[in-house]
>>> print(open('final-v2.txt').read())   # compact mmCIF, C-alpha atoms
# COMPACT_ATOMS: atom_id res chain seq x y z
CA MET A 1 0.00 0.00 0.00
CA PRO A 2 1.38 3.49 -0.84
CA ASP A 3 2.70 5.49 2.10
CA GLY A 4 0.11 8.23 1.61
CA CYS A 5 -2.82 5.74 1.83
CA GLN A 6 -1.27 4.10 4.89
CA LYS A 7 -0.94 7.48 6.57
CA LEU A 8 -4.56 8.39 5.69
CA LEU A 9 -5.81 5.12 7.17
CA GLU A 10 -3.81 5.82 10.32
CA ILE A 11 -5.35 9.28 10.62
CA MET A 12 -8.88 7.95 10.08
CA ASN A 13 -8.39 5.16 12.62
CA LEU A 14 -10.72 5.96 15.52
CA GLU A 15 -8.22 4.55 17.98
CA ASN A 16 -5.68 7.13 16.85
CA ILE A 17 -8.22 9.94 16.89
CA LEU A 18 -9.43 9.14 20.38
CA GLY A 19 -6.11 7.81 21.62
CA PHE A 20 -4.84 11.02 23.22
CA ASP A 21 -4.05 9.39 26.50
CA LYS A 22 -6.91 10.23 28.88
CA TYR A 23 -7.24 13.76 27.51
CA ALA A 24 -9.12 13.03 24.25
CA GLY A 25 -12.35 14.64 25.53
CA TYR A 26 -10.61 17.84 26.63
CA LEU A 27 -8.44 18.08 23.52
CA LEU A 28 -11.08 17.31 20.91
CA SER A 29 -13.63 19.63 22.53
CA CYS A 30 -11.07 22.47 22.31
CA VAL A 31 -10.37 21.75 18.64
CA ALA A 32 -14.11 21.48 17.86
CA LEU A 33 -14.86 24.71 19.73
CA THR A 34 -12.08 26.52 17.87
CA ALA A 35 -13.42 25.27 14.53
CA VAL A 36 -16.95 26.45 15.45
CA VAL A 37 -15.70 29.91 16.52
CA LEU A 38 -13.55 30.37 13.39
CA VAL A 39 -16.20 29.16 10.94
CA GLY A 40 -18.90 31.12 12.80
CA ASN A 41 -16.81 34.29 12.73
CA ALA A 42 -16.11 33.96 9.02
CA TRP A 43 -19.81 33.30 8.33
CA LEU A 44 -21.02 36.21 10.50
CA ALA A 45 -18.57 38.63 8.85
CA ARG A 46 -19.60 37.44 5.38
CA ARG A 47 -23.29 37.79 6.29
CA ALA A 48 -22.77 41.31 7.67
CA LEU A 49 -21.04 42.29 4.42
CA SER A 50 -23.69 40.76 2.13
CA GLN A 51 -26.49 42.45 4.13
CA ALA A 52 -24.71 45.80 3.86
CA GLN A 53 -24.22 45.24 0.11
CA VAL A 54 -27.92 44.42 -0.39
CA LYS A 55 -28.93 47.59 1.48
CA ALA A 56 -26.45 49.68 -0.55
CA ARG A 57 -27.80 48.24 -3.83
CA ARG A 58 -31.39 49.00 -2.79
CA ARG A 59 -30.46 52.57 -1.88
CA ALA A 60 -28.60 53.04 -5.15
CA ALA A 61 -31.60 51.70 -7.11
CA ALA A 62 -33.98 53.99 -5.20
CA GLN A 63 -31.74 57.01 -5.91
CA ARG A 64 -31.63 56.13 -9.63
CA ASN A 65 -35.43 55.85 -9.72
CA GLU A 66 -35.82 59.23 -8.03
CA SER A 67 -33.51 60.94 -10.50
CA MET B 1 7.93 62.26 3.97
CA ASN B 2 5.30 61.56 1.35
CA TRP B 3 1.98 60.63 3.03
CA THR B 4 -0.05 60.31 -0.19
CA TRP B 5 -0.35 56.51 0.18
CA PHE B 6 -1.68 56.97 3.71
CA HIS B 7 -4.35 59.46 2.66
CA LYS B 8 -5.24 57.25 -0.31
CA PHE B 9 -5.74 54.25 1.97
CA ALA B 10 -7.89 56.34 4.29
CA SER B 11 -10.30 57.08 1.45
CA PRO B 12 -13.34 54.75 1.89
CA PRO B 13 -13.80 53.84 -1.83
CA HIS B 14 -10.13 52.92 -2.19
CA ALA B 15 -10.08 50.96 1.07
CA TYR B 16 -13.32 49.14 0.13
CA ARG B 17 -11.84 47.92 -3.15
CA LEU B 18 -8.41 47.14 -1.68
CA LEU B 19 -9.85 45.06 1.18
CA GLY B 20 -12.03 43.12 -1.27
CA THR B 21 -8.94 42.23 -3.32
CA LEU B 22 -6.88 41.41 -0.25
CA ARG B 23 -9.39 39.07 1.43
CA PRO B 24 -8.88 35.82 -0.61
CA TRP B 25 -5.09 36.26 -0.41
CA LEU B 26 -5.38 36.15 3.37
CA PHE B 27 -8.21 33.62 3.74
CA TRP B 28 -6.98 30.63 1.72
CA PRO B 29 -3.35 30.61 2.99
CA ALA B 30 -4.84 30.85 6.51
CA VAL B 31 -7.03 27.77 5.91
CA VAL B 32 -4.09 25.76 4.50
CA LEU B 33 -1.78 26.79 7.36
CA MET B 34 -4.35 25.98 10.04
CA LEU B 35 -5.18 22.56 8.56
CA TRP B 36 -1.46 21.74 8.36
CA ALA B 37 -0.96 22.91 11.94
CA VAL B 38 -3.94 20.92 13.26
CA TYR B 39 -2.70 17.71 11.62
CA ASN B 40 0.89 18.21 12.80
CA GLY B 41 -0.13 19.45 16.23
CA LEU B 42 -2.46 16.53 16.90
CA PHE B 43 -0.72 13.62 15.20
CA VAL B 44 2.94 14.46 14.51
CA ALA B 45 4.24 16.53 17.46
CA PRO B 46 5.56 14.30 20.26
CA THR B 47 3.65 13.90 23.52
CA ASP B 48 4.80 16.13 26.38
CA TYR B 49 6.57 14.20 29.13
CA GLN B 50 4.75 16.05 31.92
CA GLN B 51 1.38 17.12 30.52
CA GLY B 52 0.81 14.16 28.21
CA ASP B 53 -1.46 14.85 25.23
CA SER B 54 -3.26 17.68 27.02
CA PHE B 55 -0.42 20.00 26.00
CA ARG B 56 -1.83 19.86 22.43
CA ILE B 57 -4.58 22.24 23.60
CA MET B 58 -1.79 24.83 23.42
CA TYR B 59 -2.04 24.72 19.60
CA VAL B 60 -5.41 26.46 19.73
CA HIS B 61 -5.13 28.23 23.11
CA VAL B 62 -1.88 30.15 22.54
CA PRO B 63 -2.79 31.61 19.11
CA SER B 64 -6.25 32.70 20.32
CA ALA B 65 -4.81 34.25 23.51
CA SER B 66 -2.03 36.13 21.71
CA LEU B 67 -4.46 37.30 19.05
CA SER B 68 -6.90 38.56 21.70
CA LEU B 69 -4.16 40.93 22.89
CA MET B 70 -2.95 41.87 19.43
CA VAL B 71 -6.46 42.63 18.17
CA TYR B 72 -7.16 44.82 21.22
CA SER B 73 -3.92 46.75 20.64
CA MET B 74 -4.87 47.22 17.00
CA MET B 75 -8.38 48.33 17.98
CA ALA B 76 -7.04 50.88 20.48
CA ILE B 77 -4.47 52.25 18.01
CA ALA B 78 -7.12 52.53 15.27
CA ALA B 79 -9.53 54.22 17.71
CA GLY B 80 -6.74 56.62 18.76
CA ILE B 81 -6.00 57.49 15.11
CA GLY B 82 -9.73 57.99 14.55
CA ILE B 83 -10.03 60.36 17.51
CA ILE B 84 -6.86 62.37 16.80
CA TRP B 85 -7.08 62.68 13.00
CA ARG B 86 -10.88 62.21 12.74
CA MET B 87 -10.38 59.41 10.25
CA LYS B 88 -13.65 57.53 9.64
CA LEU B 89 -11.89 54.47 8.28
CA ALA B 90 -9.86 54.10 11.49
CA HIS B 91 -13.09 53.94 13.51
CA ALA B 92 -14.44 51.36 11.04
CA VAL B 93 -11.32 49.24 11.62
CA ALA B 94 -11.69 49.57 15.40
CA ALA B 95 -15.36 48.53 15.22
CA GLY B 96 -14.44 45.57 13.00
CA CYS B 97 -11.72 44.46 15.41
CA ALA B 98 -14.02 44.45 18.46
CA VAL B 99 -16.30 41.56 17.49
CA ILE B 100 -13.47 39.34 16.27
CA GLY B 101 -11.26 40.15 19.27
CA ALA B 102 -14.06 39.38 21.70
CA TRP B 103 -14.52 35.93 20.12
CA PHE B 104 -10.80 35.18 20.30
CA THR B 105 -10.81 36.20 23.97
CA VAL B 106 -13.76 33.87 24.68
CA LEU B 107 -11.89 31.10 22.87
CA ALA B 108 -8.72 31.73 24.90
CA LEU B 109 -10.66 31.72 28.18
CA VAL B 110 -12.68 28.57 27.40
CA THR B 111 -9.78 26.52 25.96
CA GLY B 112 -7.67 27.65 28.93
CA ALA B 113 -10.39 26.47 31.32
CA ILE B 114 -10.62 23.12 29.51
CA TRP B 115 -6.82 22.73 29.83
CA GLY B 116 -6.92 23.87 33.46
CA LYS B 117 -9.36 21.18 34.59
CA PRO B 118 -7.04 18.16 34.04
CA MET B 119 -3.82 20.11 34.80
CA TRP B 120 -4.80 22.30 37.78
CA GLY B 121 -7.85 20.34 38.90
CA ALA B 122 -10.10 23.40 38.43
CA TRP B 123 -11.90 25.03 35.51
CA TRP B 124 -11.17 28.50 36.84
CA ALA B 125 -8.85 30.21 39.33
CA TRP B 126 -8.71 33.90 40.23
CA ASP B 127 -5.18 34.00 38.90
CA PRO B 128 -3.73 37.35 37.64
CA ARG B 129 -3.43 36.10 34.04
CA LEU B 130 -6.94 34.64 33.92
CA THR B 131 -8.53 37.61 35.69
CA SER B 132 -6.83 40.20 33.47
CA GLU B 133 -7.86 38.22 30.37
CA LEU B 134 -11.46 38.23 31.66
CA ILE B 135 -11.19 42.02 32.11
CA LEU B 136 -10.01 42.18 28.49
CA LEU B 137 -13.23 40.42 27.45
CA PHE B 138 -15.26 42.95 29.48
CA LEU B 139 -13.41 45.78 27.72
CA TYR B 140 -14.34 44.35 24.32
CA LEU B 141 -17.97 43.91 25.44
CA GLY B 142 -18.01 47.41 26.95
CA TYR B 143 -16.66 48.88 23.70
CA MET B 144 -19.38 47.16 21.65
CA ALA B 145 -22.14 48.05 24.15
CA LEU B 146 -21.04 51.71 24.19
CA ARG B 147 -21.05 51.87 20.38
CA ALA B 148 -24.51 50.34 20.26
CA SER B 149 -25.89 52.78 22.83
CA TYR B 150 -25.54 55.83 20.52
CA ASP B 151 -27.66 56.56 17.48
CA ASP B 152 -25.19 59.14 16.23
CA VAL B 153 -22.19 57.36 14.65
CA GLN B 154 -19.69 60.16 15.39
CA ARG B 155 -20.58 60.28 19.08
CA ALA B 156 -20.45 56.49 19.23
CA ASP B 157 -17.01 56.53 17.59
CA ARG B 158 -15.67 59.10 20.06
CA ALA B 159 -17.07 57.55 23.24
CA SER B 160 -16.14 53.95 22.39
CA GLY B 161 -12.77 55.09 21.04
CA ILE B 162 -11.88 56.73 24.35
CA LEU B 163 -12.79 53.50 26.18
CA ALA B 164 -10.62 51.46 23.78
CA VAL B 165 -7.64 53.81 24.24
CA VAL B 166 -7.96 53.87 28.05
CA GLY B 167 -8.42 50.08 28.14
CA ILE B 168 -5.08 49.43 26.43
CA VAL B 169 -3.50 49.74 29.86
CA ASN B 170 -4.81 46.21 30.47
CA VAL B 171 -2.79 44.70 27.58
CA PRO B 172 0.66 44.83 29.27
CA ILE B 173 -1.02 43.68 32.51
CA VAL B 174 -2.27 40.52 30.75
CA LYS B 175 1.07 40.00 29.01
CA TYR B 176 3.35 40.46 32.03
CA SER B 177 1.01 39.26 34.79
CA VAL B 178 2.87 35.94 34.98
CA GLN B 179 6.11 37.80 35.68
CA TRP B 180 4.81 40.57 37.94
CA TRP B 181 2.75 38.38 40.26
CA ASN B 182 2.96 34.87 41.66
CA SER B 183 0.83 33.23 38.99
CA LEU B 184 -0.49 29.70 38.56
CA HIS B 185 -0.32 30.21 34.80
CA GLN B 186 2.88 29.07 33.13
CA GLY B 187 5.24 31.61 31.63
CA SER B 188 5.55 32.41 27.95
CA SER B 189 6.69 29.43 25.81
CA LEU B 190 7.77 31.61 22.91
CA SER B 191 10.27 34.42 22.96
CA LEU B 192 11.25 36.77 20.17
CA THR B 193 14.43 37.92 21.90
CA GLY B 194 15.72 34.97 23.93
CA SER B 195 15.48 31.20 23.50
CA SER B 196 11.99 29.67 23.54
CA ALA B 197 11.02 27.29 26.32
CA ILE B 198 9.21 24.98 23.90
CA ASP B 199 10.98 21.98 22.33
CA PRO B 200 11.83 22.60 18.62
CA SER B 201 9.87 19.48 17.58
CA MET B 202 6.66 21.04 18.96
CA LEU B 203 7.30 24.52 17.58
CA PRO B 204 6.45 24.40 13.80
CA PRO B 205 2.71 23.60 14.24
CA LEU B 206 2.41 26.35 16.86
CA LEU B 207 4.06 28.94 14.62
CA ALA B 208 1.97 27.80 11.64
CA MET B 209 -1.21 28.04 13.72
CA MET B 210 -0.28 31.52 14.97
CA VAL B 211 0.39 32.78 11.43
CA GLY B 212 -2.78 31.01 10.23
CA PHE B 213 -4.88 32.68 12.95
CA LEU B 214 -3.33 36.05 12.09
CA LEU B 215 -4.13 35.71 8.38
CA PHE B 216 -7.62 34.44 9.21
CA PHE B 217 -8.19 37.47 11.42
CA GLY B 218 -7.02 39.69 8.55
CA ALA B 219 -9.47 38.03 6.14
CA ILE B 220 -12.44 38.40 8.50
CA LEU B 221 -11.44 41.97 9.30
CA CYS B 222 -11.57 42.77 5.56
CA ASP B 223 -15.24 41.68 5.46
CA ARG B 224 -16.10 43.49 8.71
CA VAL B 225 -14.47 46.76 7.65
CA ARG B 226 -16.07 46.62 4.20
CA ALA B 227 -19.49 46.15 5.84
CA GLU B 228 -18.75 49.10 8.19
CA ILE B 229 -17.72 51.28 5.24
CA LEU B 230 -20.96 50.48 3.39
CA THR B 231 -23.04 51.31 6.47
CA ARG B 232 -21.20 54.56 7.21
CA GLU B 233 -21.05 55.80 3.62
CA ARG B 234 -24.70 55.11 2.92
CA ASN B 235 -25.24 58.48 1.25
CA ALA B 236 -21.96 58.67 -0.65
CA GLY B 237 -22.04 58.92 -4.44
CA TRP B 238 -19.33 56.32 -5.05
CA LEU B 239 -21.55 53.64 -3.46
CA SER B 240 -23.94 53.53 -6.40
CA GLU B 241 -21.01 52.47 -8.60
CA ALA B 242 -19.52 50.01 -6.08
CA ALA B 243 -22.84 48.39 -5.19
>>> encode(input="final-v2.txt", output="structure tokens")
Amino acid sequence: MPDGCQKLLEIMNLENILGFDKYAGYLLSCVALTAVVLVGNAWLARRALSQAQVKARRRAAAQRNES
Amino acid sequence: MNWTWFHKFASPPHAYRLLGTLRPWLFWPAVVLMLWAVYNGLFVAPTDYQQGDSFRIMYVHVPSASLSLMVYSMMAIAAGIGIIWRMKLAHAVAAGCAVIGAWFTVLALVTGAIWGKPMWGAWWAWDPRLTSELILLFLYLGYMALRASYDDVQRADRASGILAVVGIVNVPIVKYSVQWWNSLHQGSSLSLTGSSAIDPSMLPPLLAMMVGFLLFFGAILCDRVRAEILTRERNAGWLSEAA
């Protein structure tokens, strides 16, 4: 089996994933929480920008209609 | 000295376009770096002889904690520039920093508490480092609450900006609390001037994660500042072209 596949199987092995001594729960909850905060932050920032863009487009359209 | 570039950057239309171009160049390298760091931090770096695998929490705790301080410093400097030179863009940057910085501070506090439980036997201790970091979170929340309490943007900028500038006194307190007082929290693992306390085999994922977090912050800040610019410049002529 190629080295890359072997390594991938090792990573996906549940024993390896949960095998962080007795600290798996603490460690994985930290990683999961970090992922949630980072993804959530990126999503919130993107949403704030798209909402502001929609409002700006509406205002621009209204101004064009008035003139 | 020629300050044309500075004045050009301070112009909202120019900054809006520049930040839009910059964002993907910050976001995708950040994602790649963070994924590499997570894999190497969790599966490649050797286990610590004292803390076991719990030390790996450091790979998310240290970058979020250092960024919480860096973002506050940036917010205070931007607010100061906004107050002194009445630069609207500087206030937009400060406002954009606040939300992101507050989240990084929450992340630092929570991951620190999760590490503290198995290592110290307690989720929380009224330790100088932890307490000053909690005060940092309150400063972020206070800044956002103060901004939200004004209808007039200029008054909101001024009042919240003063709070941000005054609150910067807490940044060195957080940073040096472990040296100034008898703290339960361990000292700094990384040093820019002297030798780092961390083993070289554990260092690359930490550095990659720190750079990844920094770039990620930059990418999110681009979106936040662009949204702020659009909200503040609602009556500007250039918006009809940009929108």
>>> closest_atom_pairs(input="final-v2.txt", of="chain A", to="chain B", cutoff="9 Å", atoms="all atoms listed in the file", output="JSON lines")
{"residue": "A:Ile11", "atom": "CA", "partner": "B:Phe43", "partner_atom": "CA", "distance": 7.8}
{"residue": "A:Asn16", "atom": "CA", "partner": "B:Phe43", "partner_atom": "CA", "distance": 8.3}
{"residue": "A:Ile17", "atom": "CA", "partner": "B:Phe43", "partner_atom": "CA", "distance": 8.5}
{"residue": "A:Phe20", "atom": "CA", "partner": "B:Asp53", "partner_atom": "CA", "distance": 5.5}
{"residue": "A:Asp21", "atom": "CA", "partner": "B:Asp53", "partner_atom": "CA", "distance": 6.2}
{"residue": "A:Lys22", "atom": "CA", "partner": "B:Asp53", "partner_atom": "CA", "distance": 8.0}
{"residue": "A:Tyr23", "atom": "CA", "partner": "B:Ser54", "partner_atom": "CA", "distance": 5.6}
{"residue": "A:Ala24", "atom": "CA", "partner": "B:Asp53", "partner_atom": "CA", "distance": 7.9}
{"residue": "A:Tyr26", "atom": "CA", "partner": "B:Ile114", "partner_atom": "CA", "distance": 6.0}
{"residue": "A:Leu27", "atom": "CA", "partner": "B:Ile57", "partner_atom": "CA", "distance": 5.7}
{"residue": "A:Leu28", "atom": "CA", "partner": "B:Ile57", "partner_atom": "CA", "distance": 8.6}
{"residue": "A:Ser29", "atom": "CA", "partner": "B:Ile114", "partner_atom": "CA", "distance": 8.4}
{"residue": "A:Cys30", "atom": "CA", "partner": "B:Thr111", "partner_atom": "CA", "distance": 5.6}
{"residue": "A:Val31", "atom": "CA", "partner": "B:Val60", "partner_atom": "CA", "distance": 6.9}
{"residue": "A:Leu33", "atom": "CA", "partner": "B:Leu107", "partner_atom": "CA", "distance": 7.7}
{"residue": "A:Thr34", "atom": "CA", "partner": "B:Leu107", "partner_atom": "CA", "distance": 6.8}
{"residue": "A:Val37", "atom": "CA", "partner": "B:Trp103", "partner_atom": "CA", "distance": 7.1}
{"residue": "A:Leu38", "atom": "CA", "partner": "B:Phe216", "partner_atom": "CA", "distance": 8.3}
{"residue": "A:Asn41", "atom": "CA", "partner": "B:Ile100", "partner_atom": "CA", "distance": 7.0}
{"residue": "A:Ala42", "atom": "CA", "partner": "B:Ile220", "partner_atom": "CA", "distance": 5.8}
{"residue": "A:Trp43", "atom": "CA", "partner": "B:Ile220", "partner_atom": "CA", "distance": 9.0}
{"residue": "A:Leu44", "atom": "CA", "partner": "B:Arg224", "partner_atom": "CA", "distance": 9.0}
{"residue": "A:Ala45", "atom": "CA", "partner": "B:Arg224", "partner_atom": "CA", "distance": 5.5}
{"residue": "A:Arg46", "atom": "CA", "partner": "B:Asp223", "partner_atom": "CA", "distance": 6.1}
{"residue": "A:Arg47", "atom": "CA", "partner": "B:Asp223", "partner_atom": "CA", "distance": 9.0}
{"residue": "A:Ala48", "atom": "CA", "partner": "B:Ala227", "partner_atom": "CA", "distance": 6.1}
{"residue": "A:Leu49", "atom": "CA", "partner": "B:Ala227", "partner_atom": "CA", "distance": 4.4}
{"residue": "A:Ser50", "atom": "CA", "partner": "B:Ala227", "partner_atom": "CA", "distance": 7.8}
{"residue": "A:Gln51", "atom": "CA", "partner": "B:Ala227", "partner_atom": "CA", "distance": 8.1}
{"residue": "A:Ala52", "atom": "CA", "partner": "B:Ala227", "partner_atom": "CA", "distance": 5.6}
{"residue": "A:Gln53", "atom": "CA", "partner": "B:Ala243", "partner_atom": "CA", "distance": 6.3}
{"residue": "A:Val54", "atom": "CA", "partner": "B:Ala243", "partner_atom": "CA", "distance": 8.0}
{"residue": "A:Lys55", "atom": "CA", "partner": "B:Thr231", "partner_atom": "CA", "distance": 8.6}
{"residue": "A:Ala56", "atom": "CA", "partner": "B:Ala243", "partner_atom": "CA", "distance": 6.0}
{"residue": "A:Arg57", "atom": "CA", "partner": "B:Ala243", "partner_atom": "CA", "distance": 5.1}
{"residue": "A:Arg58", "atom": "CA", "partner": "B:Ala243", "partner_atom": "CA", "distance": 8.9}
{"residue": "A:Arg59", "atom": "CA", "partner": "B:Arg234", "partner_atom": "CA", "distance": 7.9}
{"residue": "A:Ala60", "atom": "CA", "partner": "B:Ser240", "partner_atom": "CA", "distance": 4.8}
{"residue": "A:Ala61", "atom": "CA", "partner": "B:Ser240", "partner_atom": "CA", "distance": 7.9}
{"residue": "A:Gln63", "atom": "CA", "partner": "B:Ser240", "partner_atom": "CA", "distance": 8.6}
{"residue": "A:Arg64", "atom": "CA", "partner": "B:Ser240", "partner_atom": "CA", "distance": 8.7}
>>> axis_aligned_box(input="final-v2.txt", around="stretch 224-238 of chain B", padding_each_side="3 Å", output="JSON")
{"center_x": -19.9, "center_y": 51.2, "center_z": 1.8, "size_x": 16.8, "size_y": 21.4, "size_z": 19.8}
>>> closest_residue(input="final-v2.txt", among="B:Leu19, B:Met144, B:Leu190, B:Pro63", to="B:Ala37", atoms="only C-alpha atoms")
B:Pro63
>>> atom_distance(input="final-v2.txt", atom1="atom CA of B:Leu141", atom2="atom CA of B:Gly80")
18.2 Å
>>> residues_near_point(input="final-v2.txt", point="(-5.5, 54.5, 2.8)", cutoff="12 Å", atoms="all atoms listed in the file", output="PyMOL selection string")
chain B and resi 3-19+87-90+93
>>> write_last_selection(input="final-v2.txt", atoms="C-alpha atoms", output="tab-separated table (two decimals), keeping the file's coordinate frame")
chain	number	residue	atom	x	y	z
B	3	TRP	CA	1.98	60.63	3.03
B	4	THR	CA	-0.05	60.31	-0.19
B	5	TRP	CA	-0.35	56.51	0.18
B	6	PHE	CA	-1.68	56.97	3.71
B	7	HIS	CA	-4.35	59.46	2.66
B	8	LYS	CA	-5.24	57.25	-0.31
B	9	PHE	CA	-5.74	54.25	1.97
B	10	ALA	CA	-7.89	56.34	4.29
B	11	SER	CA	-10.30	57.08	1.45
B	12	PRO	CA	-13.34	54.75	1.89
B	13	PRO	CA	-13.80	53.84	-1.83
B	14	HIS	CA	-10.13	52.92	-2.19
B	15	ALA	CA	-10.08	50.96	1.07
B	16	TYR	CA	-13.32	49.14	0.13
B	17	ARG	CA	-11.84	47.92	-3.15
B	18	LEU	CA	-8.41	47.14	-1.68
B	19	LEU	CA	-9.85	45.06	1.18
B	87	MET	CA	-10.38	59.41	10.25
B	88	LYS	CA	-13.65	57.53	9.64
B	89	LEU	CA	-11.89	54.47	8.28
B	90	ALA	CA	-9.86	54.10	11.49
B	93	VAL	CA	-11.32	49.24	11.62
>>> atom_distance(input="final-v2.txt", atom1="atom CA of B:Leu26", atom2="atom CA of B:Leu215")
5.2 Å
